[in-house]
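Peer 1: Structure file input-v1.txt, compact mmCIF, C-alpha atoms, is pasted below:
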```txt
# COMPACT_ATOMS: atom_id res chain seq x y z
CA MET P 1 20.01 -8.61 -20.80
CA GLN P 2 18.33 -5.24 -20.48
CA PRO P 3 14.65 -4.24 -20.80
CA ALA P 4 13.59 -3.40 -24.34
CA ALA P 5 9.91 -2.40 -24.02
CA VAL P 6 7.19 -1.58 -21.50
CA VAL P 7 3.60 -2.79 -21.75
CA PHE P 8 0.95 -1.16 -19.59
CA ASP P 9 -2.37 -2.48 -18.40
CA LEU P 10 -5.07 0.19 -18.57
CA ASP P 11 -7.95 -0.22 -16.10
CA GLY P 12 -6.72 0.07 -12.54
CA THR P 13 -3.15 0.77 -13.65
CA LEU P 14 -3.40 4.01 -15.62
CA THR P 15 -7.08 4.80 -15.13
CA ASP P 16 -9.13 4.47 -11.96
CA THR P 17 -11.93 2.52 -13.61
CA GLU P 18 -11.98 -0.95 -12.04
CA HIS P 19 -14.62 0.17 -9.54
CA VAL P 20 -16.67 1.67 -12.38
CA TRP P 21 -16.78 -1.68 -14.20
CA ASP P 22 -17.95 -3.25 -10.95
CA ASP P 23 -20.61 -0.59 -10.36
CA VAL P 24 -22.00 -0.93 -13.89
CA ARG P 25 -22.17 -4.73 -13.76
CA ARG P 26 -23.69 -4.76 -10.28
CA GLY P 27 -26.24 -2.25 -11.53
CA LEU P 28 -27.32 -4.67 -14.25
CA ALA P 29 -27.79 -7.39 -11.64
CA THR P 30 -29.75 -5.03 -9.38
CA ASP P 31 -32.01 -4.02 -12.27
CA ALA P 32 -32.75 -7.73 -12.80
CA ASP P 33 -33.39 -8.28 -9.05
CA LEU P 34 -30.42 -10.62 -8.83
CA PRO P 35 -27.96 -10.95 -5.92
CA TRP P 36 -24.30 -10.37 -6.69
CA PRO P 37 -22.45 -13.71 -6.37
CA GLU P 38 -19.49 -13.86 -4.01
CA GLY P 39 -16.24 -13.71 -5.96
CA ALA P 40 -17.85 -12.45 -9.17
CA THR P 41 -15.99 -9.14 -9.13
CA GLN P 42 -12.57 -10.78 -8.83
CA ALA P 43 -13.44 -13.50 -11.35
CA MET P 44 -14.20 -11.01 -14.12
CA MET P 45 -11.15 -8.80 -13.61
CA GLY P 46 -8.99 -9.43 -16.67
CA MET P 47 -11.51 -11.47 -18.65
CA SER P 48 -12.04 -10.52 -22.30
CA THR P 49 -15.37 -9.08 -23.39
CA PRO P 50 -16.83 -12.40 -24.66
CA GLU P 51 -15.65 -14.15 -21.49
CA TRP P 52 -17.20 -11.76 -18.99
CA GLY P 53 -20.33 -11.43 -21.14
CA ARG P 54 -20.84 -15.17 -20.76
CA TYR P 55 -20.01 -14.97 -17.06
CA LEU P 56 -22.69 -12.34 -16.46
CA VAL P 57 -25.27 -14.64 -18.00
CA GLU P 58 -24.09 -18.03 -16.74
CA ALA P 59 -22.82 -17.15 -13.24
CA VAL P 60 -24.70 -13.96 -12.36
CA GLY P 61 -27.87 -14.97 -14.19
CA LEU P 62 -28.65 -11.87 -16.24
CA PRO P 63 -31.75 -12.58 -18.36
CA MET P 64 -30.14 -11.75 -21.70
CA THR P 65 -27.59 -13.12 -24.14
CA PRO P 66 -23.86 -12.74 -23.44
CA GLN P 67 -23.66 -10.26 -26.31
CA GLU P 68 -26.47 -8.18 -24.82
CA ALA P 69 -24.86 -8.28 -21.37
CA ALA P 70 -21.56 -7.12 -22.84
CA GLN P 71 -23.16 -4.33 -24.84
CA ALA P 72 -25.16 -3.08 -21.85
CA THR P 73 -21.96 -2.97 -19.78
CA ILE P 74 -19.94 -1.22 -22.49
CA THR P 75 -22.74 1.33 -22.98
CA GLY P 76 -22.69 2.06 -19.26
CA MET P 77 -18.90 2.40 -19.27
CA ALA P 78 -18.99 4.73 -22.28
CA GLU P 79 -21.42 6.99 -20.43
CA HIS P 80 -18.97 7.21 -17.53
CA TYR P 81 -16.07 7.89 -19.91
CA ARG P 82 -17.97 10.75 -21.53
CA ARG P 83 -18.30 12.34 -18.11
CA GLY P 84 -14.55 12.03 -17.65
CA ILE P 85 -12.00 9.37 -16.77
CA ASP P 86 -10.27 9.38 -13.41
CA VAL P 87 -6.54 9.11 -14.09
CA LEU P 88 -4.36 7.50 -11.45
CA PRO P 89 -1.64 9.71 -9.95
CA GLY P 90 1.49 9.90 -12.08
CA ALA P 91 0.05 7.75 -14.87
CA VAL P 92 0.56 10.03 -17.86
CA GLU P 93 3.97 11.12 -16.63
CA ALA P 94 5.05 7.50 -16.11
CA VAL P 95 4.04 6.50 -19.64
CA ARG P 96 5.89 9.44 -21.14
CA ARG P 97 8.93 8.76 -18.95
CA MET P 98 9.05 5.16 -20.19
CA ALA P 99 8.41 6.20 -23.79
CA ALA P 100 11.47 8.43 -23.69
CA GLU P 101 13.61 5.29 -23.22
CA TYR P 102 11.58 2.36 -24.58
CA PRO P 103 8.75 1.55 -26.98
CA VAL P 104 5.51 1.38 -25.01
CA ALA P 105 2.22 -0.42 -25.56
CA VAL P 106 -1.10 -1.24 -23.88
CA ALA P 107 -2.48 -4.73 -23.25
CA SER P 108 -5.97 -4.34 -21.83
CA SER P 109 -9.08 -6.38 -21.23
CA SER P 110 -11.23 -3.44 -22.26
CA PRO P 111 -12.99 -3.54 -25.63
CA ARG P 112 -11.31 -1.63 -28.43
CA VAL P 113 -13.70 1.34 -28.33
CA LEU P 114 -12.96 2.00 -24.65
CA ILE P 115 -9.19 1.58 -25.06
CA ASP P 116 -9.12 4.07 -27.91
CA THR P 117 -11.30 6.51 -25.97
CA ALA P 118 -9.16 6.26 -22.83
CA VAL P 119 -5.85 6.63 -24.68
CA ASP P 120 -7.22 9.69 -26.49
CA VAL P 121 -8.55 11.26 -23.26
CA LEU P 122 -5.16 10.64 -21.62
CA GLY P 123 -3.45 12.44 -24.50
CA LEU P 124 -1.24 9.42 -25.20
CA ALA P 125 -2.44 8.38 -28.66
CA ASP P 126 0.85 9.55 -30.17
CA VAL P 127 2.94 7.78 -27.50
CA PHE P 128 1.75 4.17 -27.53
CA LEU P 129 3.18 2.28 -30.49
CA ALA P 130 0.63 -0.52 -30.07
CA THR P 131 -2.58 -1.19 -28.18
CA VAL P 132 -4.11 -4.63 -27.74
CA SER P 133 -7.58 -5.59 -26.54
CA THR P 134 -7.90 -9.15 -25.29
CA GLU P 135 -11.10 -9.42 -27.34
CA GLU P 136 -8.73 -9.39 -30.34
CA VAL P 137 -6.78 -12.47 -29.19
CA PRO P 138 -8.01 -16.01 -28.49
CA ARG P 139 -7.96 -15.78 -24.68
CA GLY P 140 -8.18 -13.05 -22.08
CA LYS P 141 -6.18 -12.60 -18.91
CA PRO P 142 -4.89 -14.61 -16.95
CA HIS P 143 -3.80 -16.26 -20.21
CA PRO P 144 -0.74 -14.65 -21.84
CA ASP P 145 -2.26 -13.96 -25.28
CA GLY P 146 -2.72 -10.18 -24.94
CA TYR P 147 0.78 -9.55 -23.64
CA LEU P 148 2.33 -11.84 -26.24
CA ARG P 149 0.51 -9.95 -28.97
CA ALA P 150 1.74 -6.61 -27.61
CA ALA P 151 5.33 -7.84 -27.64
CA GLU P 152 4.86 -9.14 -31.17
CA LEU P 153 3.54 -5.77 -32.36
CA LEU P 154 6.49 -4.00 -30.74
CA GLY P 155 8.92 -6.47 -32.29
CA VAL P 156 10.42 -7.34 -28.90
CA GLU P 157 10.88 -10.71 -27.20
CA PRO P 158 8.45 -11.04 -24.26
CA GLN P 159 11.35 -11.88 -21.95
CA ARG P 160 12.72 -8.39 -22.55
CA CYS P 161 9.42 -6.65 -21.78
CA VAL P 162 8.30 -5.13 -18.52
CA ALA P 163 4.58 -5.31 -17.82
CA VAL P 164 2.97 -2.80 -15.47
CA GLU P 165 -0.11 -4.29 -13.81
CA ASP P 166 -2.44 -4.00 -10.84
CA ALA P 167 -4.86 -6.95 -10.79
CA PRO P 168 -4.24 -10.65 -10.08
CA ASN P 169 -5.34 -11.93 -13.49
CA GLY P 170 -3.26 -9.30 -15.25
CA ILE P 171 -0.16 -10.15 -13.25
CA LYS P 172 -0.69 -13.85 -13.99
CA SER P 173 -1.10 -13.04 -17.69
CA ALA P 174 2.14 -11.08 -17.91
CA LEU P 175 4.09 -13.69 -15.95
CA ALA P 176 2.71 -16.43 -18.19
CA ALA P 177 3.96 -14.44 -21.17
CA GLY P 178 7.46 -14.51 -19.67
CA MET P 179 7.55 -10.81 -18.85
CA THR P 180 9.06 -9.10 -15.84
CA VAL P 181 6.23 -7.50 -13.87
CA VAL P 182 5.95 -4.27 -11.94
CA ALA P 183 2.86 -4.37 -9.73
CA VAL P 184 1.01 -1.32 -8.46
CA PRO P 185 -1.44 -3.06 -6.11
CA PRO P 186 -4.83 -1.38 -5.70
CA HIS P 187 -6.69 -1.08 -2.44
CA PHE P 188 -9.64 -2.44 -4.45
CA HIS P 189 -9.25 -6.26 -4.34
CA PRO P 190 -5.40 -6.37 -4.10
CA PRO P 191 -3.47 -9.43 -5.32
CA SER P 192 -2.31 -12.08 -2.90
CA ARG P 193 1.09 -11.83 -1.25
CA ASP P 194 2.25 -15.02 -3.00
CA LEU P 195 1.53 -13.44 -6.37
CA LEU P 196 3.08 -10.10 -5.49
CA ASP P 197 6.24 -11.91 -4.39
CA ARG P 198 6.78 -12.78 -8.07
CA THR P 199 6.79 -9.09 -9.03
CA THR P 200 8.47 -5.83 -8.14
CA VAL P 201 5.93 -3.88 -6.08
CA ILE P 202 5.73 -0.09 -6.15
CA GLU P 203 3.34 2.16 -4.26
CA SER P 204 2.65 4.54 -7.13
CA LEU P 205 3.59 5.11 -10.76
CA ASP P 206 5.89 7.93 -9.66
CA GLU P 207 8.33 5.16 -8.70
CA LEU P 208 8.38 3.71 -12.24
CA THR P 209 11.69 4.86 -13.73
CA PRO P 210 14.16 3.54 -16.31
CA CYS P 211 16.63 3.13 -13.44
CA LEU P 212 14.22 0.80 -11.61
CA LEU P 213 13.74 -1.31 -14.74
CA ARG P 214 17.45 -1.68 -15.33
CA GLN P 215 17.97 -2.59 -11.68
CA MET P 216 15.28 -5.29 -11.92
CA PHE P 217 16.93 -6.90 -14.93
CA ASP P 218 20.39 -6.64 -13.34
CA GLU P 219 19.15 -8.44 -10.22
CA ALA P 220 17.47 -11.14 -12.31
CA ALA P 221 20.56 -11.80 -14.43
CA PRO P 222 22.67 -14.87 -13.56
CA HIS P 223 25.93 -14.05 -11.80
```
Give the structure from this file in structure tokens form.
Peer 2:
Amino acid sequence: MQPAAVVFDLDGTLTDTEHVWDDVRRGLATDADLPWPEGATQAMMGMSTPEWGRYLVEAVGLPMTPQEAAQATITGMAEHYRRGIDVLPGAVEAVRRMAAEYPVAVASSSPRVLIDTAVDVLGLADVFLATVSTEEVPRGKPHPDGYLRAAELLGVEPQRCVAVEDAPNGIKSALAAGMTVVAVPPHFHPPSRDLLDRTTVIESLDELTPCLLRQMFDEAAPH
């Protein structure tokens, strides 16, 4: 069996925005004179919009509804996006390199408006054949729903997809979907070694090549 498609995460994998999400959410807590709970940053990485909206109210204690917490966060993110998105080294080139060989898609926890904005800013709107927001499926990461939907839209079995991820919940999501995972661990809250051992780890997206993907599937095939 050979790889048939590649599905990319967005925040932290293609764009350097994970810290921006954290800054915006922490800012909301600061404005409400609330301490930031230990583990809150990691807990929300990969959650869908409704999920982290509820978390901000129930766990952090923001004095607003989950919908209001989500909208305040998205508004803050949009302001950052309008000032420019930091693109991770080699991201655009890696997507185009994969797209030359395979259909490519995005499976992201970002809301639809931010996915569309980011893909447009990256100049990749004509490259991705599908984009999925986990707010459009029943469950966010670490559940497999977003990645399964991406595979469905591409018309490819999940077992023949390679997911490119950075965060623990995203890696868990792709593995739960039955995909082979390439991990590009961030310095910002990196995944555990046990989790990374279930992936192929690369230092940067410059290492993501069709040759690497074929090698991964060859090594995984029964002999």
Peer 1: Calculated over all atoms listed in the file, which of the candidates P:Gln159, P:Val201, P:Leu195, P:Pro168 has the smallest distance to P:Gln2?
Peer 2: P:Gln159
Peer 1: Nearest to P:Ala100: which of P:Pro210, P:Gly84, P:Gly178, P:Gly61 is it, counting only C-alpha atoms?
Peer 2: P:Pro210
Peer 1: Applying 12 Å and all atoms listed in the file, which residues near P:Leu148 remain after dropping the ones on its own chain fewer than 6 positions away? List them as a ChimeraX atom specification.
Peer 2: /P:7,105-107,131-134,137-141,154-163,173-179
Peer 1: Between P:Glu68, P:Asp22, P:Asp33, P:Asp197, which is the closest to P:Pro50 once you count all atoms listed in the file?
Peer 2: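 Closest candidate: P:Glu68.
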Peer 1: Calculate how many Å separate atom CA of P:Phe217 from atom CA of P:Gly46, rounding to one decimal.
Peer 2: 26.1 Å
Peer 1: How many Å lie between atom CA of P:Val104 and atom CA of P:Met45, rounded to one decimal?
Peer 2: 22.6 Å
Peer 1: Can you tell me, as JSON, numbers by chain, what residues are no more than 12 Å from P:Tyr55 when counting only C-alpha atoms, ignoring any on the same chain fewer than 4 positions away?
Peer 2: {"P": [25, 37, 39, 40, 41, 42, 43, 44, 45, 47, 48, 49, 50, 51, 59, 60, 61, 62, 64, 65, 66, 67, 69, 70]}
Peer 1: What is the distance, in Å and to one decimal place, between atom CA of P:Tyr81 and atom CA of P:Pro142?
Peer 2: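 Interatomic distance, atom CA of P:Tyr81 to atom CA of P:Pro142: 25.3 Å.
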Peer 1: Could you give me, as a Markdown table, a per-residue list for stretch 34-145 of chain P showing, wherever an atom lies at most 10 Å from an atom of stretch 11-20 of chain P, the closest pair of atoms and their distance in Å to one decimal, using only C-alpha atoms and sorting by chain then residue number from low to high?
Peer 2:
```
| residue | atom | partner | partner_atom | distance |
| --- | --- | --- | --- | --- |
| P:Thr41 | CA | P:His19 | CA | 9.4 |
| P:Met45 | CA | P:Glu18 | CA | 8.0 |
| P:Gly46 | CA | P:Asp11 | CA | 9.3 |
| P:Gly76 | CA | P:Val20 | CA | 9.2 |
| P:Met77 | CA | P:Val20 | CA | 7.3 |
| P:His80 | CA | P:Val20 | CA | 7.9 |
| P:Tyr81 | CA | P:Thr17 | CA | 9.3 |
| P:Ile85 | CA | P:Thr15 | CA | 6.9 |
| P:Asp86 | CA | P:Asp16 | CA | 5.2 |
| P:Val87 | CA | P:Thr15 | CA | 4.5 |
| P:Leu88 | CA | P:Thr15 | CA | 5.3 |
| P:Pro89 | CA | P:Leu14 | CA | 8.2 |
| P:Gly90 | CA | P:Leu14 | CA | 8.4 |
| P:Ala91 | CA | P:Leu14 | CA | 5.1 |
| P:Val92 | CA | P:Leu14 | CA | 7.5 |
| P:Ala94 | CA | P:Leu14 | CA | 9.2 |
| P:Val95 | CA | P:Leu14 | CA | 8.8 |
| P:Ser108 | CA | P:Asp11 | CA | 7.3 |
| P:Ser109 | CA | P:Asp11 | CA | 8.1 |
| P:Ser110 | CA | P:Asp11 | CA | 7.7 |
| P:Ile115 | CA | P:Asp11 | CA | 9.2 |
| P:Ala118 | CA | P:Thr15 | CA | 8.1 |
| P:Val119 | CA | P:Leu14 | CA | 9.7 |
| P:Leu122 | CA | P:Thr15 | CA | 8.9 |
```
Peer 1: For P:Ala167, which residue out of P:Pro185, P:Pro103, P:Arg26, P:Cys211 is the nearest one, using only C-alpha atoms?
Peer 2: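 Looking at the shortest contact to P:Ala167, the residue is P:Pro185.
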Peer 1: Determine, counting only C-alpha atoms, which protein, DNA and RNA residues have an atom within 9 Å of an atom of P:Met216; residues of the same chain fewer than 5 positions away are not included. Present the result as an MDAnalysis selection string.
Peer 2: chainID P and resid 3 180 200 211 221
Peer 1: Identify which of the residues P:Leu34, P:Val121, P:Phe128, P:Met1 lies closest to P:Arg83, counting all atoms listed in the file when measuring atom-to-atom distances.
Peer 2: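 Under the stated criterion, the closest residue is P:Val121.
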Peer 1: Report, as AutoDock Vina command-line options, the centre and edge lengths in Å (one decimal) of the axis-aligned box enclosing every listed atom of stretch 129-145 of chain P, padded by 4 Å on each side.
Peer 2:
```
--center_x -4.0 --center_y -7.0 --center_z -23.7 --size_x 22.3 --size_y 26.5 --size_z 21.5
```
Peer 1: Pick out the closest residue to P:Glu79 from this set: P:Ile202, P:Leu212, P:Leu114, P:Trp52. Count all atoms listed in the file.
Peer 2: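 Smallest distance to P:Glu79 is found for P:Leu114.
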